[in-house]
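The file input_2.cif comes next; it holds mmCIF, C-alpha atoms.
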```cif
data_protein
#
loop_
_atom_site.label_atom_id
_atom_site.label_comp_id
_atom_site.auth_asym_id
_atom_site.auth_seq_id
_atom_site.Cartn_x
_atom_site.Cartn_y
_atom_site.Cartn_z
CA MET A 1 -16.88 4.10 20.34
CA ASP A 2 -18.25 1.95 17.54
CA ARG A 3 -17.62 -1.58 16.43
CA LEU A 4 -16.88 -1.45 12.70
CA THR A 5 -18.48 -3.60 10.03
CA ASN A 6 -16.00 -3.63 7.17
CA THR A 7 -15.92 -4.52 3.49
CA ILE A 8 -13.54 -7.09 2.00
CA ARG A 9 -12.33 -6.20 -1.50
CA PRO A 10 -12.08 -9.29 -3.76
CA TYR A 11 -9.20 -8.19 -6.00
CA ALA A 12 -7.78 -10.99 -8.15
CA TRP A 13 -4.36 -10.92 -6.45
CA GLY A 14 -5.85 -11.57 -3.02
CA SER A 15 -5.18 -14.70 -0.98
CA THR A 16 -8.08 -17.14 -0.74
CA THR A 17 -7.08 -18.23 2.78
CA ALA A 18 -5.15 -15.56 4.73
CA LEU A 19 -8.04 -13.26 5.70
CA PRO A 20 -10.44 -16.13 6.51
CA ALA A 21 -7.73 -17.68 8.72
CA LEU A 22 -7.28 -14.39 10.59
CA LEU A 23 -11.03 -13.85 10.97
CA GLY A 24 -11.69 -17.46 11.94
CA VAL A 25 -14.17 -18.12 9.13
CA GLU A 26 -14.36 -20.64 6.31
CA PRO A 27 -12.77 -19.60 3.00
CA THR A 28 -15.18 -18.90 0.17
CA GLY A 29 -12.75 -20.08 -2.48
CA GLU A 30 -12.62 -16.56 -3.93
CA PRO A 31 -9.74 -14.08 -3.51
CA GLN A 32 -10.07 -11.84 -0.45
CA ALA A 33 -7.48 -9.11 -0.90
CA GLU A 34 -8.16 -6.15 1.39
CA LEU A 35 -10.33 -5.40 4.40
CA TRP A 36 -11.00 -1.65 4.52
CA MET A 37 -11.51 0.29 7.76
CA GLY A 38 -12.38 3.95 7.50
CA ALA A 39 -14.55 6.39 5.57
CA HIS A 40 -13.23 6.23 2.02
CA PRO A 41 -16.23 6.46 -0.35
CA GLY A 42 -15.05 3.35 -2.21
CA ALA A 43 -15.92 1.08 0.72
CA PRO A 44 -16.70 2.95 3.96
CA SER A 45 -17.02 1.04 7.21
CA ARG A 46 -20.45 0.88 8.81
CA VAL A 47 -21.52 1.58 12.40
CA ASP A 48 -24.73 1.08 14.34
CA ARG A 49 -25.62 3.57 17.06
CA GLY A 50 -29.03 2.10 17.72
CA ALA A 51 -30.93 3.14 14.62
CA GLY A 52 -29.51 0.64 12.14
CA GLU A 53 -26.23 0.60 10.26
CA ARG A 54 -24.90 3.80 8.70
CA SER A 55 -21.80 4.54 6.71
CA LEU A 56 -18.98 5.92 8.85
CA ALA A 57 -18.50 8.54 6.14
CA GLU A 58 -22.10 9.71 6.66
CA VAL A 59 -21.67 9.76 10.45
CA ILE A 60 -18.55 11.91 10.18
CA ALA A 61 -20.08 14.22 7.55
CA ALA A 62 -23.04 14.89 9.88
CA ASP A 63 -20.77 16.14 12.69
CA PRO A 64 -17.12 16.47 11.62
CA GLU A 65 -15.89 18.30 14.71
CA GLY A 66 -17.79 15.99 17.07
CA GLU A 67 -16.34 12.85 15.45
CA LEU A 68 -12.87 14.03 14.43
CA GLY A 69 -12.22 16.89 16.84
CA ALA A 70 -11.77 20.57 15.97
CA PRO A 71 -7.94 20.33 15.60
CA THR A 72 -8.23 17.47 13.06
CA VAL A 73 -10.85 19.30 11.02
CA ALA A 74 -8.82 22.51 11.08
CA LYS A 75 -5.71 20.71 9.86
CA PHE A 76 -7.11 18.18 7.37
CA GLY A 77 -10.70 19.18 6.61
CA PRO A 78 -14.00 17.48 7.52
CA GLY A 79 -13.10 13.91 6.53
CA LEU A 80 -11.14 11.12 8.18
CA PRO A 81 -7.58 11.71 6.90
CA PHE A 82 -6.51 8.07 6.76
CA LEU A 83 -7.61 4.67 5.46
CA PHE A 84 -6.71 1.53 7.43
CA LYS A 85 -6.51 -1.89 5.79
CA ILE A 86 -5.58 -5.49 6.26
CA LEU A 87 -3.88 -6.56 3.04
CA ALA A 88 -3.69 -10.25 2.08
CA ALA A 89 -1.52 -10.80 -1.00
CA GLY A 90 -1.63 -14.23 -2.62
CA ALA A 91 -0.17 -13.07 -5.95
CA PRO A 92 1.81 -9.98 -7.01
CA LEU A 93 0.04 -6.64 -6.95
CA SER A 94 0.63 -4.20 -9.77
CA LEU A 95 3.95 -2.36 -9.86
CA GLN A 96 2.86 1.15 -8.95
CA VAL A 97 3.55 4.64 -7.62
CA HIS A 98 1.41 7.27 -5.92
CA PRO A 99 1.33 11.03 -6.60
CA ASP A 100 2.21 13.79 -4.17
CA LEU A 101 -0.51 16.21 -3.08
CA ALA A 102 0.05 18.79 -5.84
CA GLN A 103 0.18 16.10 -8.53
CA ALA A 104 -2.99 14.47 -7.23
CA LYS A 105 -4.92 17.75 -7.16
CA ALA A 106 -3.79 18.72 -10.65
CA GLY A 107 -4.46 15.25 -12.09
CA PHE A 108 -7.90 15.00 -10.50
CA GLU A 109 -8.94 18.44 -11.70
CA ASP A 110 -7.69 17.69 -15.22
CA GLU A 111 -9.65 14.43 -15.47
CA GLU A 112 -12.74 16.11 -14.03
CA ARG A 113 -12.49 18.84 -16.68
CA ARG A 114 -12.17 16.22 -19.40
CA GLY A 115 -15.29 14.45 -18.12
CA ILE A 116 -13.65 11.09 -17.45
CA PRO A 117 -16.06 9.08 -15.26
CA ILE A 118 -14.71 8.43 -11.77
CA ASP A 119 -15.10 4.67 -12.26
CA ALA A 120 -13.62 4.57 -15.77
CA GLY A 121 -10.93 1.95 -16.26
CA HIS A 122 -8.53 4.51 -17.74
CA ARG A 123 -9.03 7.04 -14.93
CA ASN A 124 -5.78 7.70 -13.02
CA TYR A 125 -6.96 9.99 -10.23
CA LYS A 126 -9.95 8.88 -8.16
CA ASP A 127 -9.61 11.77 -5.70
CA PRO A 128 -7.52 14.94 -5.19
CA ASN A 129 -5.41 13.50 -2.35
CA HIS A 130 -1.94 12.05 -2.07
CA LYS A 131 -1.36 8.49 -0.90
CA PRO A 132 1.68 8.02 1.32
CA GLU A 133 1.39 4.60 2.92
CA MET A 134 2.89 2.19 5.42
CA ILE A 135 2.82 -1.59 5.29
CA CYS A 136 3.49 -3.54 8.49
CA ALA A 137 3.91 -7.30 8.28
CA ILE A 138 1.64 -9.65 10.25
CA THR A 139 3.26 -12.67 8.57
CA THR A 140 6.45 -12.79 6.53
CA PHE A 141 5.79 -10.30 3.73
CA ASP A 142 7.54 -10.02 0.35
CA GLY A 143 7.63 -7.11 -2.04
CA LEU A 144 9.57 -4.52 -3.99
CA CYS A 145 10.41 -1.03 -2.75
CA GLY A 146 12.36 1.73 -4.49
CA PHE A 147 15.08 1.63 -7.12
CA ARG A 148 18.23 -0.36 -6.52
CA SER A 149 21.46 1.14 -7.90
CA PRO A 150 21.61 1.08 -11.71
CA GLN A 151 24.90 -0.86 -11.48
CA ALA A 152 23.21 -3.58 -9.43
CA SER A 153 20.36 -3.83 -11.94
CA ALA A 154 22.82 -3.98 -14.82
CA ASP A 155 24.63 -6.85 -13.10
CA LEU A 156 21.29 -8.61 -12.57
CA PHE A 157 20.42 -8.28 -16.27
CA ASP A 158 23.88 -9.49 -17.35
CA GLY A 159 23.69 -12.50 -15.07
CA LEU A 160 20.76 -13.89 -17.07
CA GLY A 161 22.75 -14.14 -20.29
CA VAL A 162 19.84 -12.90 -22.40
CA ASP A 163 21.05 -10.96 -25.45
CA SER A 164 18.01 -8.69 -25.65
CA LEU A 165 18.70 -7.43 -22.10
CA LYS A 166 22.22 -6.22 -22.95
CA PRO A 167 21.11 -2.80 -24.32
CA TYR A 168 19.32 -2.09 -21.02
CA ALA A 169 22.39 -3.09 -19.01
CA ASP A 170 24.57 -0.85 -21.18
CA LEU A 171 22.21 2.09 -20.67
CA LEU A 172 22.27 1.58 -16.91
CA ARG A 173 26.05 1.84 -16.92
CA ALA A 174 26.39 4.70 -19.43
CA HIS A 175 24.51 7.55 -17.72
CA PRO A 176 24.19 9.27 -14.34
CA GLU A 177 21.98 7.21 -12.04
CA GLU A 178 18.68 9.11 -12.27
CA ALA A 179 18.96 9.57 -16.03
CA ALA A 180 19.86 5.89 -16.45
CA LEU A 181 16.85 4.70 -14.49
CA ARG A 182 14.49 7.03 -16.34
CA GLU A 183 15.83 5.99 -19.74
CA VAL A 184 15.64 2.26 -19.05
CA LEU A 185 12.17 2.32 -17.46
CA THR A 186 10.89 4.41 -20.36
CA ALA A 187 12.44 2.04 -22.90
CA VAL A 188 10.99 -1.03 -21.20
CA LEU A 189 7.47 0.39 -20.94
CA THR A 190 7.35 1.79 -24.48
CA ALA A 191 8.97 -1.13 -26.32
CA ASP A 192 7.13 -3.00 -29.06
CA ARG A 193 4.76 -5.36 -27.25
CA GLU A 194 5.59 -8.46 -29.30
CA GLN A 195 9.31 -7.88 -28.98
CA MET A 196 8.95 -7.26 -25.25
CA ALA A 197 6.91 -10.44 -24.82
CA ARG A 198 9.77 -12.42 -26.40
CA THR A 199 12.32 -10.73 -24.14
CA VAL A 200 10.24 -11.45 -21.05
CA ALA A 201 9.83 -15.10 -22.10
CA GLU A 202 13.60 -15.46 -22.56
CA THR A 203 14.18 -13.72 -19.22
CA ALA A 204 11.70 -16.02 -17.47
CA ALA A 205 13.32 -19.15 -18.88
CA ALA A 206 16.79 -18.02 -17.83
CA ALA A 207 15.59 -16.93 -14.39
CA ALA A 208 13.84 -20.25 -13.78
CA HIS A 209 17.01 -22.12 -14.76
CA LEU A 210 19.26 -20.05 -12.48
CA GLY A 211 16.95 -19.93 -9.46
CA GLY A 212 18.20 -18.19 -6.33
CA GLU A 213 17.60 -14.44 -6.45
CA TYR A 214 16.22 -14.85 -9.98
CA ALA A 215 13.36 -17.09 -8.84
CA THR A 216 11.28 -14.01 -7.98
CA TYR A 217 11.33 -12.80 -11.59
CA ALA A 218 10.52 -16.23 -12.98
CA ALA A 219 7.48 -16.28 -10.68
CA LEU A 220 6.43 -12.80 -11.84
CA ALA A 221 6.67 -13.84 -15.47
CA HIS A 222 4.60 -16.94 -14.72
CA GLU A 223 1.84 -14.74 -13.26
CA TYR A 224 2.12 -12.05 -15.95
CA PRO A 225 3.60 -13.58 -19.11
CA GLY A 226 5.03 -11.04 -21.52
CA ASP A 227 4.43 -8.13 -19.11
CA PRO A 228 7.14 -5.42 -19.25
CA GLY A 229 6.66 -5.03 -15.50
CA VAL A 230 8.82 -8.15 -15.09
CA LEU A 231 11.85 -6.21 -16.37
CA ALA A 232 10.81 -3.07 -14.48
CA ALA A 233 10.75 -5.14 -11.29
CA MET A 234 14.43 -5.97 -11.79
CA LEU A 235 15.20 -2.28 -11.30
CA LEU A 236 13.79 -2.37 -7.76
CA ASN A 237 14.90 -3.60 -4.35
CA HIS A 238 13.46 -6.93 -3.24
CA VAL A 239 12.42 -6.72 0.43
CA ARG A 240 11.26 -9.39 2.88
CA LEU A 241 9.62 -8.11 6.06
CA GLN A 242 9.40 -10.19 9.20
CA PRO A 243 6.31 -9.88 11.45
CA GLY A 244 6.25 -6.48 13.11
CA GLU A 245 8.57 -4.86 10.55
CA ALA A 246 7.29 -2.09 8.30
CA LEU A 247 8.03 0.06 5.26
CA PHE A 248 6.98 3.66 4.65
CA LEU A 249 6.40 4.60 1.00
CA GLY A 250 6.30 8.24 0.03
CA ALA A 251 5.15 9.81 -3.22
CA GLY A 252 6.82 8.62 -6.40
CA VAL A 253 8.44 5.53 -4.88
CA PRO A 254 7.81 2.49 -7.13
CA HIS A 255 6.69 -0.60 -5.24
CA ALA A 256 4.76 -3.84 -5.45
CA TYR A 257 3.69 -6.47 -2.92
CA PHE A 258 4.00 -10.18 -3.64
CA ASP A 259 2.92 -12.36 -0.78
CA GLY A 260 1.89 -12.15 2.86
CA LEU A 261 -0.55 -10.64 5.34
CA GLY A 262 -0.01 -7.09 6.56
CA VAL A 263 -1.57 -4.03 8.13
CA GLU A 264 -1.60 -1.08 5.73
CA LEU A 265 -2.20 2.52 6.77
CA LEU A 266 -2.40 5.28 4.19
CA ALA A 267 -3.77 8.72 3.48
CA ASN A 268 -7.43 8.56 2.52
CA SER A 269 -6.87 8.10 -1.21
CA ASP A 270 -7.11 5.49 -3.95
CA ASN A 271 -4.79 7.12 -6.51
CA VAL A 272 -2.53 4.64 -8.31
CA LEU A 273 -0.29 4.99 -11.38
CA ARG A 274 0.69 1.53 -12.64
CA ALA A 275 3.88 0.44 -14.39
CA GLY A 276 3.09 -3.21 -15.01
CA LEU A 277 2.28 -6.62 -13.51
CA THR A 278 -1.36 -5.92 -14.17
CA PRO A 279 -4.07 -6.23 -16.83
CA LYS A 280 -5.29 -2.77 -15.78
CA HIS A 281 -4.66 0.58 -17.44
CA VAL A 282 -1.01 1.72 -17.66
CA ASP A 283 -0.56 5.41 -18.55
CA VAL A 284 3.17 5.59 -19.27
CA PRO A 285 3.48 9.37 -19.84
CA GLU A 286 1.59 10.16 -16.62
CA LEU A 287 3.52 7.51 -14.70
CA LEU A 288 6.85 9.00 -15.76
CA LYS A 289 5.74 12.40 -14.37
CA ILE A 290 5.15 10.81 -10.97
CA VAL A 291 8.08 8.40 -10.52
CA ARG A 292 11.06 9.64 -8.52
CA PHE A 293 14.15 8.14 -10.11
CA GLU A 294 16.20 8.04 -6.93
CA PRO A 295 18.05 4.81 -6.05
CA SER A 296 18.09 4.04 -2.33
CA ASP A 297 18.19 1.16 0.09
CA PRO A 298 14.74 0.55 1.62
CA THR A 299 14.51 1.47 5.29
CA VAL A 300 12.91 -1.36 7.24
CA MET A 301 11.21 0.11 10.29
CA ARG A 302 10.63 -1.40 13.71
CA PRO A 303 8.35 0.10 16.34
CA GLU A 304 9.84 2.29 19.03
CA GLY A 305 8.61 2.00 22.60
CA ASP A 306 9.11 0.12 25.83
CA GLY A 307 6.34 -1.83 27.50
CA GLY A 308 3.43 0.21 26.18
CA GLU A 309 2.56 1.86 22.92
CA GLU A 310 5.13 1.05 20.23
CA VAL A 311 5.16 3.71 17.50
CA TYR A 312 6.16 3.46 13.83
CA GLU A 313 7.55 6.93 13.15
CA THR A 314 6.65 8.52 9.80
CA PRO A 315 7.35 11.95 8.25
CA ILE A 316 3.67 12.83 7.69
CA ASP A 317 0.72 13.82 9.88
CA GLU A 318 -2.27 12.25 8.09
CA PHE A 319 -1.67 9.01 9.93
CA ARG A 320 0.25 7.54 12.83
CA LEU A 321 0.57 3.78 13.36
CA SER A 322 1.34 2.15 16.68
CA ARG A 323 1.10 -1.28 18.26
CA PHE A 324 0.22 -2.70 21.67
CA LEU A 325 1.36 -6.16 22.74
CA LEU A 326 -1.03 -6.90 25.59
CA ALA A 327 -0.35 -9.51 28.26
CA PRO A 328 -2.86 -10.97 30.73
CA GLY A 329 -2.75 -9.31 34.11
CA GLY A 330 -1.05 -6.19 32.79
CA ALA A 331 -2.23 -2.72 33.68
CA PRO A 332 -4.72 -1.26 31.17
CA HIS A 333 -3.38 1.22 28.64
CA VAL A 334 -5.31 4.49 28.57
CA LEU A 335 -5.34 5.98 25.07
CA PRO A 336 -5.20 9.74 24.45
CA ALA A 337 -8.50 11.31 23.47
CA GLY A 338 -7.55 14.24 21.28
CA ALA A 339 -8.02 12.74 17.81
CA PRO A 340 -10.04 10.06 15.97
CA GLN A 341 -8.71 6.51 16.19
CA ILE A 342 -9.30 3.09 14.69
CA LEU A 343 -8.25 0.10 16.76
CA LEU A 344 -7.59 -3.26 15.11
CA CYS A 345 -6.99 -6.56 16.84
CA THR A 346 -4.71 -8.95 14.93
CA ALA A 347 -4.10 -11.64 17.56
CA GLY A 348 -5.56 -12.92 20.82
CA SER A 349 -8.54 -11.47 22.65
CA VAL A 350 -8.57 -7.85 23.80
CA GLN A 351 -10.91 -5.44 25.50
CA ALA A 352 -11.21 -1.92 24.06
CA GLY A 353 -13.46 0.01 26.38
CA GLU A 354 -16.74 -1.91 26.40
CA LEU A 355 -15.96 -3.79 23.18
CA ALA A 356 -14.33 -7.23 23.04
CA LEU A 357 -12.20 -7.58 19.91
CA SER A 358 -10.97 -10.81 18.35
CA PRO A 359 -8.57 -11.07 15.37
CA GLY A 360 -9.80 -8.92 12.49
CA GLY A 361 -12.16 -6.98 14.77
CA SER A 362 -11.95 -3.20 14.77
CA ALA A 363 -13.46 -0.13 16.41
CA PHE A 364 -13.77 3.57 15.64
CA VAL A 365 -13.08 5.89 18.56
CA PRO A 366 -14.31 9.47 18.06
CA ALA A 367 -12.14 12.34 19.25
CA GLY A 368 -12.75 13.19 22.89
CA GLU A 369 -13.48 9.62 23.98
CA LYS A 370 -10.99 7.92 26.28
CA VAL A 371 -10.45 4.19 25.87
CA GLU A 372 -8.68 1.60 27.98
CA LEU A 373 -7.00 -1.39 26.33
CA SER A 374 -6.41 -4.67 28.11
CA GLY A 375 -6.35 -8.40 27.46
CA ASN A 376 -3.99 -10.87 25.83
CA GLY A 377 -3.19 -10.07 22.22
CA THR A 378 -2.04 -7.51 19.66
CA VAL A 379 -3.77 -4.25 18.80
CA PHE A 380 -2.76 -1.79 16.09
CA ARG A 381 -3.82 1.82 16.58
CA ALA A 382 -4.32 4.23 13.67
CA THR A 383 -4.74 7.92 14.39
CA VAL A 384 -3.52 11.34 13.19
CA VAL A 385 -0.95 13.86 14.36
CA VAL A 386 -2.51 17.21 15.37
#
```
Would you write out, as structure tokens, the structure that this file holds?
Amino acid sequence: MDRLTNTIRPYAWGSTTALPALLGVEPTGEPQAELWMGAHPGAPSRVDRGAGERSLAEVIAADPEGELGAPTVAKFGPGLPFLFKILAAGAPLSLQVHPDLAQAKAGFEDEERRGIPIDAGHRNYKDPNHKPEMICAITTFDGLCGFRSPQASADLFDGLGVDSLKPYADLLRAHPEEAALREVLTAVLTADREQMARTVAETAAAAAHLGGEYATYAALAHEYPGDPGVLAAMLLNHVRLQPGEALFLGAGVPHAYFDGLGVELLANSDNVLRAGLTPKHVDVPELLKIVRFEPSDPTVMRPEGDGGEEVYETPIDEFRLSRFLLAPGGAPHVLPAGAPQILLCTAGSVQAGELALSPGGSAFVPAGEKVELSGNGTVFRATVVV
């Protein structure tokens, strides 16, 4: 197994303190948003097997079956199917959705044909893969997930007493649910920018005055003044996760994260279609192809297990997240050896095979290698289902 050296992504929404506090290092004063663990070409982890550091992506590419196991390669191809992250939100992330596999392949091929550079700011599809994901809270974690009922959103708009919101509330009440949500989101995102900026400013002022459940939207408008994503956010469920709780987000589900430290596990992709709360590119026509206009209550997940590996069940095979709460003097946990794994310590001091891991420390375990876990702390395990 290999100790991982990982890259921290300095996105502007990142917390300046949360990751340094976890890692036990001094803050730099700059945002530190995500720590990536895996083999995504955007920021692959690095390993050292005695001849200097190499990219984990290069190591896997040199011997896919040896590193990932024949069943994983047969099912998913010769690359690590998942990307593991620690996410530290200090400000709202963009309101976004991810494509399903067919949409990602078609979008990627189309942009390749049109010669759009992979790093272009207006590029939607960085790779041909889908991006289902799971976020599991390390600290209290706030965000948005999925559409609330149109009636609830209409009531929320009406409660602000802003005249320019009344047409949206009327639309939400006048149509079947999916059609209502599509029509209102489209109207919000395609409205005249100056007019929308005035509406958002009026909404922010009213929300700040009312407080309570409206405080979230006042805060969003403070971070992104005039952004239509503030109104789009009012169509979604506000969720607060407690430590250890998680959300699974499938294709087309609109979401955004606001604040907190969490473990994120996702398919090995960086495809994002944005709806707002961002200075980045927003492709409204493409976004509307991807969004699933299905109101639903978010399902907050808790791990299932008793005294050993606690599993967060998901409907996909590209990744599987589980947790170990290790106590001193307890019997070691022997991990299965049939698939690649990444182990991440988030609390305490643990022993993973021959490696000692402290908070923020991680290790890659190739398929075929058995590992024992022991110590006093918390370990998250990312692997695949084969």
Could I get the residues of segment 117-171 of chain A with an atom no further than 12 Å from an atom of segment 39-42 of chain A, each paired with its nearest atom pair and that distance in Å to one decimal, using all atoms listed in the file, sorted by chain and residue number, as a Markdown table?
```
| residue | atom | partner | partner_atom | distance |
| --- | --- | --- | --- | --- |
| A:Ile118 | CA | A:Gly42 | CA | 10.8 |
| A:Asp119 | CA | A:Gly42 | CA | 10.1 |
| A:Lys126 | CA | A:Gly42 | CA | 9.6 |
| A:Asp127 | CA | A:Pro41 | CA | 10.0 |
| A:Asn129 | CA | A:His40 | CA | 11.5 |
```
Resolved residues for the PyMOL selection byres ((chain A and resi 302) around 8) as a list in words:
Gly244, Glu245, Ala246, Val300, Met301, Pro303, Glu304 and Tyr312 of chain A
May I ask which of the residues A:Gln151, A:Leu321, A:Val284, A:Ala57 is the closest one to His175 of chain A, counting all atoms listed in the file?
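Residue with the minimum atom-to-atom distance to His175 of chain A: A:Gln151.
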Local residues around (-2.2, -12.0, -5.6), at most 7 Å away, using all atoms listed in the file, as a list in words
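Final list of nearby residues, as requested, is Ala12, Trp13, Gly14, Ser15, Ala89, Gly90, Ala91, Pro92, Leu93 and Phe258 of chain A.
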Can you write just those residues out, C-alpha atoms, as a PDB file, in the frame of the given file?
```
ATOM      1  CA  ALA A  12      -7.780 -10.990  -8.150  1.00  0.00           C
ATOM      2  CA  TRP A  13      -4.360 -10.920  -6.450  1.00  0.00           C
ATOM      3  CA  GLY A  14      -5.850 -11.570  -3.020  1.00  0.00           C
ATOM      4  CA  SER A  15      -5.180 -14.700  -0.980  1.00  0.00           C
ATOM      5  CA  ALA A  89      -1.520 -10.800  -1.000  1.00  0.00           C
ATOM      6  CA  GLY A  90      -1.630 -14.230  -2.620  1.00  0.00           C
ATOM      7  CA  ALA A  91      -0.170 -13.070  -5.950  1.00  0.00           C
ATOM      8  CA  PRO A  92       1.810  -9.980  -7.010  1.00  0.00           C
ATOM      9  CA  LEU A  93       0.040  -6.640  -6.950  1.00  0.00           C
ATOM     10  CA  PHE A 258       4.000 -10.180  -3.640  1.00  0.00           C
TER      11      PHE A 258
END
```
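The residue that comes closest to Leu265 of chain A, out of A:Pro71, A:Gly348, A:Gly66, A:Pro81 and on the basis of only C-alpha atoms, is A:Pro81.
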Evaluating the PyMOL selection byres ((chain A and resi 88) around 12) on the displayed file yields which residues, as a VMD selection string?
chain A and resid 8 to 22 31 to 36 85 to 87 89 to 93 135 to 142 257 to 264
Using all atoms listed in the file, which of A:Arg193, A:Arg148, A:Arg46, A:Lys289 sits nearest Val59 of chain A?
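Comparing A:Arg193, A:Arg148, A:Arg46, A:Lys289 against Val59 of chain A, the winner is A:Arg46.
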Computed interatomic separation between atom CA of Ile342 of chain A and atom CA of Ser362 of chain A (Å)
6.8 Å
